[in-house]
Structure formats: structure tokens, C-alpha cells
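Report on the following structure.
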Amino acid sequence: MVSNVNTGVFFLLVKFVICSSRNLHATINPTIGAPWPMPQKYTPTGNVYQIEPSSFRFEATGETCDILTSAFDRYKQIIFGTTLKFQPHHGSDNGNALTSASVKVKSECAKFPSLESDESYDLVVSASGITINANEVWGALRGLETFSQIIVRRSLQYFINGTTVTDFPRFQHRGMLIDTSRHFLSVDVIKEHIEAMAQNKFNVLHWHIVDDPSFPYTSAAFPEMSQKGSYPGAGHIYTASNVLDIIGFARMRGIRVIPEFDTPGHTQSWGKGIPDLLTKCYSKGVFDGSYGPVDPSKNTTYTFLETFFGDVANTFPDQYIHLGGDEVSFGCWQSNPDITTFMSKMSFGTSYSKLEQYYMQSLLNIIGKKLNKGYLIWQEVIDNGAMVQPDTVVEVWKGGYVEELAKVTKLGYKTLLSSCWYLNYISYGDDWRKYYACDPQQFNGTDAQKKLIIGGETCMWGEFVDNTNLIARFWPRAAAVGERLWSDMSVKNTAEAAPRLEEHRCRMVSRGFAAEPVNGPGYCPEEYTKF
């Protein structure tokens, strides 16, 4: 038996060890005026110039459009905040104040961004002025973001280093998945997240808009799906105007909106508005009142799908739709006598993966051939042997992704990685480092295979995420993925990245985002306090 005195000493020792271990994390001091993600070529000089906010202006010296003029207004507000309205003229040392930035876009503005968009730009800051040159308006947007990040505010004065930047993204597709079925996300929160994406140079919002729990998307062709399948009460649906508002907001920031309508599984909410769409499940030869995946044996299923996805294709301007195809449970199909009869008729035997392949092949034909859209799919569709279009994009999300990347690219398909970037999984500490270490091209394959990796996506599934914590849980952890997808693959030293990420987190906080600490103890210096 342990005496009370010894027990007390033991608990003191435990407390000391626990507290000591928690205090071992050294404070990381933020950089000041360093960009995130790191550009391909970034050369700051020792020359420092003052910027005069009261008279500062952006000038379009090439092609222009609403996207660019809107960005000029937005970035003046991002850089100078409310001080723009009252900042007096402070003058400058040696007369080196800069009062304008020339932005030259070579090509006429495209209406919407696409997988092929050119986001390259050059940025030069020198005594003779500030210039941003880009082939397309999307590159100008990325250049404006970098420009905004290398400006430093000190006591209501603004300074910038002489700098030369040559920049372009390593990967074309830098996506973020949000899930609005498990918890509804308001339009305002989605737009706030899109703004954060733009300030981290992501360019695809993967909108997993519906799933088993709810169907918040209002279909013009089938309005009863949201009426009966969404969460009860007011405000848990996205009207047509809501969707167009989000698409338009994203467009102004060079961000594509790709909707996901995942079938044949994950469709319980679909069946509430469309009778006989889902498979009836049987127990001991009797319908037990429950439903499984979409019923692939009925012609009416494909008639519905063609009409429904026709509406989706008309609503979302992007060339691609995400069709899901993951986690299909075969149990209900196996129990249904009509399905087994259909299986026999089609000579599928007892291979329900062939039935799944039949369904997916029929859907892919509708999307690709009848609606003339490209599609993204989860890896199971390829794993189960479905024939797909040559330009199909396959998203790898399961464990064993290194081998899967090699397999899918060997088949010749464009490929995305998301397996290592599920940010809904959280842990105590600086977990951004493991996300930063994951690289989509780290697999055994030829150079041709690795060129088929067009990027990746970080995912935030919504079981425990809603309006209250979406931003904080995403940011700035997602910024680690953003740098991996934008910067050169040689930019991978976490010790060098940590101070820049510390600054970037402070930068996001100063811009109004609830970005949580990621490096342990520390504080944001005066340069990044709110206006």
C-alpha cells in the first residue's frame, strides 16, 4: 500500500512531466512580408519602398473585364482596409513612394475558369514602379494576391521590398471539398470559404452538395427532391439564385465550382422525393421497409438521371461534374428478387460489381455522350472495371494510394489525390506537417504517368462540421496543402515553411478569417493586428 505522502509526490511528478512536455514546443516567430504559397521564383532585394494608400491605384494596361476591375477594388480593401478612407499623406524617405501598379493581361478574359486556365504571372517591384503581367486574367488574380502579401504595414504606413516574382502553379487542379448534406452550410459561410481559397491560390470548390442525410439542392426539374429530402425547417436548401450567387462569387476569384451528385450509393435523401428510384430491401423474401442504392434494373432510373443531370449541366457552367461512385453496399441488391432476375437476364451471375459497373457505365454515357460533359469519379469506378471517357478524372481517396496512383495513371487517366488530405480528421498539435509532406507524384511510375497527376483535393466531410467551425478547421491547415499543390516540389522543408505559415495565419486573422493557431505558442505582431 502506498502512503499518502508518496502518492502526493507521485501526482506532483506526473503533473510536472505533463506540463513540461506541453511546454517543449518552441515559439515560432513569423516572417514579415513573405508570400504563401511560395512562388516558383521569388527574389526579394534589400530595397524598400513606401506605398501611399490614399492615392494608390491599380491600372489595367492590357485586356480588362469585370473580373479584373472587381479584383482591383477587392485588393485595395484587402491591403489597406478601412485606413484607405482616411489615411493621410505621410510622404516617403528619399521620395520613393509608389502610388500605382500596372496590371497587364494579354488575352481577352474568359467567362469562366477551366482546367486549362493559365494562372501564370510575373510581378516586379522596383523604383520605377510595380508591374504584374499575365497571359490570362486568372494569372493576374494570383499575382494580385502575391502582391498583397508582400506589403507590410507599420503604424498605418505601408512598405514593400523590391521584388521579382515569376510564378505559375505546379498542378492545374487545386481543390477543396465541402459537404453540405451532413450539415447545411450557409451561402455566406461558403462565400467566406471561397474568399479564403482565393487567398491561398486554390482554384476548385468541389461541392459535395447532397448525400444520404439531406438533399438541399433545388432541382428545377424535380423540386420535390429538396422539398422532401432536405432538413426540415426554413433555410436548409440552396435555391437556384443561391447556387448562381456562389458560382458567380467564385468566378470573380478564379475558382471553378464542380458539383458532386454521388450515386448509386449515398442516395437515401434522393428517394424521399422520387418514388421507386431506390432499391427495395428484402428480408426473408419480404420487403422490410428499408431502401438501398439506386435501382439499376429499371429503365425509369435512367430516364430520371438524364433529366436530372441535364438540369445540373445547365446550372453549373464547369465542363466537369463529379459523379461519385464510391462505397456502394451490395446487400440490398442481393436481397431484391427483381434485381436478381435482372442479373440473370444480363448474364451477370452473382457478380454485383458487374451490376454496379452496368449502372455507372449507363450514367457515364448519359453525362459524356448525351450531355457532353466531362466527369470526375471516385476510384472505385475504375477499380470495378467501368469503361470511361479518355478525359475522365479519377479521384484517389482510399488507403494504399501510392499503388492506386500508379495503377490509375498506368491506365492513362487524369488523376487527383485526396487520400492524405482529409482535414476533417484532427489531432492535437501541428498536424499541418504531415499534410505538407504528402506529394501526389511520390509513386513508382514513368514521367508520362506523373504528368497525368493534375493535382489534388483537401476534403472536409461534414459529420462534425457546420457554420460554426468550417473556417477554423480548414484554415490555415489547408494552406499546407495549397503550397504543396502550387509550389515547386523542392519546396518541402517544414522548418523553413513554419515561420511563413505562422505569418500567413496571422495575415488571415488580420483579414477577418478565424484561422486557428497551428504552430503552438506565439502571437501575431503589430503588422497583423486588425485595422
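Each chain in the C-alpha cells gets a letter, A, B and so on, in the order shown; residues start at 1 in every chain, and ligands are counted from 1 in the order they appear.
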TODO: Just list the residues in segment 77-226 of chain A DSSP gives strand (DSSP E or B) on the backbone, as a ChimeraX atom specification.
DONE: /A:98,100-105,121-126,129-134,151-154,157-167,173-179,204-208,217
Let's have the selection written as a tab-separated table (two decimals), in the first residue's frame, with N, CA and C atoms.
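Final file, part29.tsv:
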chain	number	residue	atom	x	y	z
A	98	LEU	N	5.47	54.62	-53.92
A	98	LEU	CA	4.85	54.05	-55.11
A	98	LEU	C	3.35	54.24	-55.00
A	100	SER	N	1.04	53.41	-57.76
A	100	SER	CA	0.21	52.65	-58.69
A	100	SER	C	0.86	51.32	-59.02
A	101	ALA	N	0.04	50.42	-59.51
A	101	ALA	CA	0.51	49.12	-60.00
A	101	ALA	C	-0.10	48.89	-61.37
A	102	SER	N	0.74	48.59	-62.34
A	102	SER	CA	0.28	48.32	-63.70
A	102	SER	C	0.01	46.82	-63.84
A	103	VAL	N	-1.20	46.48	-64.27
A	103	VAL	CA	-1.59	45.07	-64.44
A	103	VAL	C	-1.93	44.86	-65.90
A	104	LYS	N	-1.13	44.04	-66.57
A	104	LYS	CA	-1.32	43.81	-68.00
A	104	LYS	C	-1.73	42.36	-68.24
A	105	VAL	N	-2.92	42.19	-68.78
A	105	VAL	CA	-3.42	40.88	-69.18
A	105	VAL	C	-3.39	40.81	-70.70
A	121	TYR	N	2.00	34.28	-63.92
A	121	TYR	CA	2.14	35.74	-63.88
A	121	TYR	C	3.58	36.09	-63.53
A	122	ASP	N	3.96	37.32	-63.83
A	122	ASP	CA	5.22	37.91	-63.40
A	122	ASP	C	4.90	39.15	-62.58
A	123	LEU	N	5.65	39.34	-61.52
A	123	LEU	CA	5.48	40.51	-60.65
A	123	LEU	C	6.84	41.15	-60.43
A	124	VAL	N	6.93	42.46	-60.68
A	124	VAL	CA	8.17	43.19	-60.45
A	124	VAL	C	7.86	44.43	-59.63
A	125	VAL	N	8.62	44.61	-58.54
A	125	VAL	CA	8.54	45.82	-57.73
A	125	VAL	C	9.91	46.46	-57.75
A	126	SER	N	9.99	47.67	-58.26
A	126	SER	CA	11.28	48.38	-58.34
A	126	SER	C	11.02	49.87	-58.18
A	129	GLY	N	8.47	51.35	-60.46
A	129	GLY	CA	7.07	51.04	-60.31
A	129	GLY	C	6.78	49.58	-60.03
A	130	ILE	N	5.50	49.26	-60.08
A	130	ILE	CA	5.01	47.91	-59.80
A	130	ILE	C	4.31	47.41	-61.05
A	131	THR	N	4.69	46.24	-61.54
A	131	THR	CA	4.04	45.67	-62.72
A	131	THR	C	3.66	44.21	-62.46
A	132	ILE	N	2.47	43.85	-62.91
A	132	ILE	CA	2.02	42.46	-62.92
A	132	ILE	C	1.64	42.14	-64.36
A	133	ASN	N	2.28	41.15	-64.94
A	133	ASN	CA	1.98	40.72	-66.30
A	133	ASN	C	1.46	39.29	-66.27
A	134	ALA	N	0.38	39.03	-67.01
A	134	ALA	CA	-0.22	37.70	-67.04
A	134	ALA	C	-0.78	37.43	-68.43
A	151	ILE	N	3.33	43.19	-49.04
A	151	ILE	CA	3.23	44.54	-48.47
A	151	ILE	C	3.19	44.40	-46.94
A	152	VAL	N	3.92	45.26	-46.26
A	152	VAL	CA	3.98	45.24	-44.80
A	152	VAL	C	3.45	46.57	-44.26
A	153	ARG	N	2.59	46.48	-43.27
A	153	ARG	CA	2.03	47.68	-42.64
A	153	ARG	C	2.73	47.92	-41.31
A	154	ARG	N	3.16	49.13	-41.10
A	154	ARG	CA	3.75	49.52	-39.83
A	154	ARG	C	3.17	50.88	-39.43
A	157	GLN	N	1.49	52.93	-41.98
A	157	GLN	CA	2.29	53.16	-43.18
A	157	GLN	C	2.56	51.82	-43.84
A	158	TYR	N	2.75	51.85	-45.16
A	158	TYR	CA	2.85	50.62	-45.93
A	158	TYR	C	4.15	50.59	-46.72
A	159	PHE	N	4.83	49.45	-46.65
A	159	PHE	CA	6.12	49.29	-47.28
A	159	PHE	C	6.19	47.99	-48.06
A	160	ILE	N	7.06	47.97	-49.05
A	160	ILE	CA	7.23	46.76	-49.85
A	160	ILE	C	8.68	46.66	-50.29
A	161	ASN	N	9.22	45.46	-50.26
A	161	ASN	CA	10.57	45.22	-50.77
A	161	ASN	C	10.59	45.26	-52.29
A	162	GLY	N	11.69	45.71	-52.83
A	162	GLY	CA	11.91	45.45	-54.24
A	162	GLY	C	11.92	43.94	-54.46
A	163	THR	N	11.15	43.47	-55.41
A	163	THR	CA	10.93	42.02	-55.56
A	163	THR	C	10.72	41.66	-57.02
A	164	THR	N	11.22	40.49	-57.41
A	164	THR	CA	10.92	39.93	-58.72
A	164	THR	C	10.33	38.53	-58.51
A	165	VAL	N	9.16	38.30	-59.11
A	165	VAL	CA	8.48	37.01	-58.99
A	165	VAL	C	8.15	36.50	-60.38
A	166	THR	N	8.48	35.25	-60.64
A	166	THR	CA	7.99	34.52	-61.81
A	166	THR	C	7.26	33.30	-61.28
A	167	ASP	N	5.97	33.19	-61.60
A	167	ASP	CA	5.18	32.20	-60.86
A	167	ASP	C	4.14	31.53	-61.74
A	173	HIS	N	-5.18	21.50	-60.94
A	173	HIS	CA	-6.38	21.31	-60.13
A	173	HIS	C	-5.99	21.32	-58.65
A	174	ARG	N	-6.41	22.38	-57.96
A	174	ARG	CA	-6.10	22.52	-56.53
A	174	ARG	C	-7.42	22.73	-55.82
A	175	GLY	N	-8.00	21.63	-55.35
A	175	GLY	CA	-9.39	21.66	-54.93
A	175	GLY	C	-9.61	21.53	-53.44
A	176	MET	N	-10.83	21.90	-53.04
A	176	MET	CA	-11.26	21.76	-51.66
A	176	MET	C	-12.70	21.25	-51.67
A	177	LEU	N	-12.95	20.16	-50.95
A	177	LEU	CA	-14.29	19.59	-50.88
A	177	LEU	C	-15.00	20.09	-49.63
A	178	ILE	N	-16.22	20.58	-49.83
A	178	ILE	CA	-17.11	20.87	-48.70
A	178	ILE	C	-18.34	19.98	-48.83
A	179	ASP	N	-18.91	19.63	-47.70
A	179	ASP	CA	-20.04	18.69	-47.61
A	179	ASP	C	-21.22	19.43	-47.01
A	204	VAL	N	-10.47	25.22	-57.18
A	204	VAL	CA	-11.64	24.37	-57.41
A	204	VAL	C	-12.40	24.18	-56.10
A	205	LEU	N	-13.68	24.55	-56.10
A	205	LEU	CA	-14.57	24.19	-55.00
A	205	LEU	C	-15.32	22.93	-55.40
A	206	HIS	N	-14.98	21.82	-54.78
A	206	HIS	CA	-15.67	20.55	-55.00
A	206	HIS	C	-16.84	20.54	-54.02
A	207	TRP	N	-18.03	20.75	-54.57
A	207	TRP	CA	-19.22	20.93	-53.73
A	207	TRP	C	-19.98	19.61	-53.65
A	208	HIS	N	-19.73	18.87	-52.59
A	208	HIS	CA	-20.46	17.63	-52.31
A	208	HIS	C	-21.80	18.06	-51.71
A	217	TYR	N	-30.12	20.68	-52.56
A	217	TYR	CA	-30.08	21.27	-53.89
A	217	TYR	C	-31.49	21.33	-54.49
TODO: To one decimal in Å, tell me the separation between atom CA of Pro232 of chain A and atom CA of Ser181 of chain A.
DONE: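 Taking atom CA of Pro232 of chain A and atom CA of Ser181 of chain A, their separation equals 12.6 Å.
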Selection near Gly248 of chain A, 12 Å with only C-alpha atoms, sequence-local residues under 3 positions removed, as an mmCIF file with N, CA, C and O atoms, in the first residue's frame:
data_model
loop_
_atom_site.group_PDB
_atom_site.id
_atom_site.type_symbol
_atom_site.label_atom_id
_atom_site.label_comp_id
_atom_site.auth_asym_id
_atom_site.auth_seq_id
_atom_site.Cartn_x
_atom_site.Cartn_y
_atom_site.Cartn_z
ATOM 1 N N ASP A 66 -14.835 42.583 -66.069
ATOM 2 C CA ASP A 66 -15.397 42.751 -64.727
ATOM 3 C C ASP A 66 -14.595 41.993 -63.679
ATOM 4 O O ASP A 66 -14.504 42.411 -62.521
ATOM 5 N N ILE A 67 -13.994 40.863 -64.055
ATOM 6 C CA ILE A 67 -13.211 40.082 -63.091
ATOM 7 C C ILE A 67 -12.028 40.893 -62.596
ATOM 8 O O ILE A 67 -11.732 40.924 -61.389
ATOM 9 N N LYS A 111 -14.864 33.720 -69.839
ATOM 10 C CA LYS A 111 -16.017 33.953 -68.974
ATOM 11 C C LYS A 111 -15.877 33.201 -67.653
ATOM 12 O O LYS A 111 -16.187 33.727 -66.580
ATOM 13 N N PHE A 112 -15.411 31.937 -67.721
ATOM 14 C CA PHE A 112 -15.247 31.131 -66.525
ATOM 15 C C PHE A 112 -13.881 30.455 -66.541
ATOM 16 O O PHE A 112 -13.347 30.152 -67.615
ATOM 17 N N PRO A 113 -13.301 30.198 -65.370
ATOM 18 C CA PRO A 113 -12.057 29.424 -65.331
ATOM 19 C C PRO A 113 -12.321 27.977 -65.716
ATOM 20 O O PRO A 113 -13.449 27.491 -65.627
ATOM 21 N N LYS A 191 -19.222 31.429 -49.134
ATOM 22 C CA LYS A 191 -18.525 32.525 -49.808
ATOM 23 C C LYS A 191 -17.282 32.966 -49.022
ATOM 24 O O LYS A 191 -16.239 33.275 -49.611
ATOM 25 N N ILE A 194 -14.712 30.467 -49.901
ATOM 26 C CA ILE A 194 -14.201 30.705 -51.253
ATOM 27 C C ILE A 194 -13.193 31.848 -51.248
ATOM 28 O O ILE A 194 -12.153 31.790 -51.915
ATOM 29 N N SER A 241 -31.082 30.763 -57.276
ATOM 30 C CA SER A 241 -30.356 32.033 -57.138
ATOM 31 C C SER A 241 -29.181 31.882 -56.176
ATOM 32 O O SER A 241 -28.126 32.512 -56.368
ATOM 33 N N ASN A 242 -29.321 31.062 -55.118
ATOM 34 C CA ASN A 242 -28.201 30.796 -54.210
ATOM 35 C C ASN A 242 -27.033 30.164 -54.949
ATOM 36 O O ASN A 242 -25.877 30.566 -54.789
ATOM 37 N N VAL A 243 -27.352 29.157 -55.757
ATOM 38 C CA VAL A 243 -26.308 28.444 -56.490
ATOM 39 C C VAL A 243 -25.606 29.377 -57.466
ATOM 40 O O VAL A 243 -24.369 29.405 -57.547
ATOM 41 N N LEU A 244 -26.373 30.166 -58.199
ATOM 42 C CA LEU A 244 -25.777 31.101 -59.161
ATOM 43 C C LEU A 244 -24.948 32.166 -58.451
ATOM 44 O O LEU A 244 -23.906 32.611 -58.970
ATOM 45 N N ASP A 245 -25.384 32.575 -57.266
ATOM 46 C CA ASP A 245 -24.638 33.545 -56.469
ATOM 47 C C ASP A 245 -23.270 32.984 -56.088
ATOM 48 O O ASP A 245 -22.239 33.665 -56.207
ATOM 49 N N ARG A 251 -16.345 32.685 -59.506
ATOM 50 C CA ARG A 251 -15.808 33.109 -60.804
ATOM 51 C C ARG A 251 -14.935 34.346 -60.660
ATOM 52 O O ARG A 251 -13.852 34.426 -61.255
ATOM 53 N N MET A 252 -15.390 35.307 -59.872
ATOM 54 C CA MET A 252 -14.632 36.542 -59.697
ATOM 55 C C MET A 252 -13.273 36.297 -59.055
ATOM 56 O O MET A 252 -12.383 37.153 -59.131
ATOM 57 N N ARG A 253 -13.104 35.154 -58.438
ATOM 58 C CA ARG A 253 -11.853 34.820 -57.761
ATOM 59 C C ARG A 253 -11.088 33.713 -58.474
ATOM 60 O O ARG A 253 -10.148 33.148 -57.928
ATOM 61 N N GLY A 254 -11.506 33.403 -59.703
ATOM 62 C CA GLY A 254 -10.805 32.396 -60.488
ATOM 63 C C GLY A 254 -10.973 30.990 -59.959
ATOM 64 O O GLY A 254 -10.064 30.161 -60.090
ATOM 65 N N ILE A 255 -12.139 30.706 -59.387
ATOM 66 C CA ILE A 255 -12.385 29.403 -58.768
ATOM 67 C C ILE A 255 -13.532 28.703 -59.480
ATOM 68 O O ILE A 255 -14.627 29.272 -59.651
ATOM 69 N N ARG A 256 -13.272 27.491 -59.884
ATOM 70 C CA ARG A 256 -14.297 26.654 -60.515
ATOM 71 C C ARG A 256 -15.178 26.035 -59.433
ATOM 72 O O ARG A 256 -14.703 25.691 -58.355
ATOM 73 N N VAL A 257 -16.455 25.854 -59.747
ATOM 74 C CA VAL A 257 -17.371 25.162 -58.841
ATOM 75 C C VAL A 257 -17.803 23.867 -59.517
ATOM 76 O O VAL A 257 -18.497 23.893 -60.539
ATOM 77 N N THR A 315 -27.097 24.253 -65.044
ATOM 78 C CA THR A 315 -26.915 25.160 -63.914
ATOM 79 C C THR A 315 -25.450 25.457 -63.647
ATOM 80 O O THR A 315 -25.072 26.609 -63.396
ATOM 81 N N PHE A 316 -24.614 24.432 -63.702
ATOM 82 C CA PHE A 316 -23.202 24.585 -63.382
ATOM 83 C C PHE A 316 -22.396 24.693 -64.678
ATOM 84 O O PHE A 316 -22.394 23.765 -65.487
ATOM 85 N N PRO A 317 -21.699 25.795 -64.882
ATOM 86 C CA PRO A 317 -21.026 26.026 -66.166
ATOM 87 C C PRO A 317 -19.746 25.221 -66.366
ATOM 88 O O PRO A 317 -19.273 25.122 -67.500
ATOM 89 N N ASP A 318 -19.162 24.676 -65.295
ATOM 90 C CA ASP A 318 -17.902 23.975 -65.470
ATOM 91 C C ASP A 318 -18.077 22.765 -66.380
ATOM 92 O O ASP A 318 -19.153 22.147 -66.426
#
TODO: Could you please write out, as a PyMOL selection string, every residue of segment 346-438 of chain A that DSSP assigns to helix (DSSP H, G or I)?
DONE: chain A and resi 352-370+380-383+401-410+432-437
Open item on the list: My list of candidates is A:Gly310, A:Thr350, A:Pro476, A:Ile51. Which is closest to Glu503 of chain A when distances are computed with only C-alpha atoms?
Closed with: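 Between A:Gly310, A:Thr350, A:Pro476, A:Ile51, the residue approaching Glu503 of chain A most closely is A:Pro476.
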Rows by chain and residue number, segment 251-303 of chain A within 6 Å of segment 326-344 of chain A, shortest pair, only C-alpha atoms, as CSV:
residue,atom,partner,partner_atom,distance
A:Gly265,CA,A:Val328,CA,4.9
A:Cys281,CA,A:Cys332,CA,4.8
A:Tyr282,CA,A:Ser335,CA,5.2
A:Gly292,CA,A:Cys332,CA,5.4
Task: Atomic distance atom CA of Thr494 of chain A - atom CA of Ala479 of chain A, expressed in Å with one decimal - done: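 These two atoms are separated by 12.8 Å.
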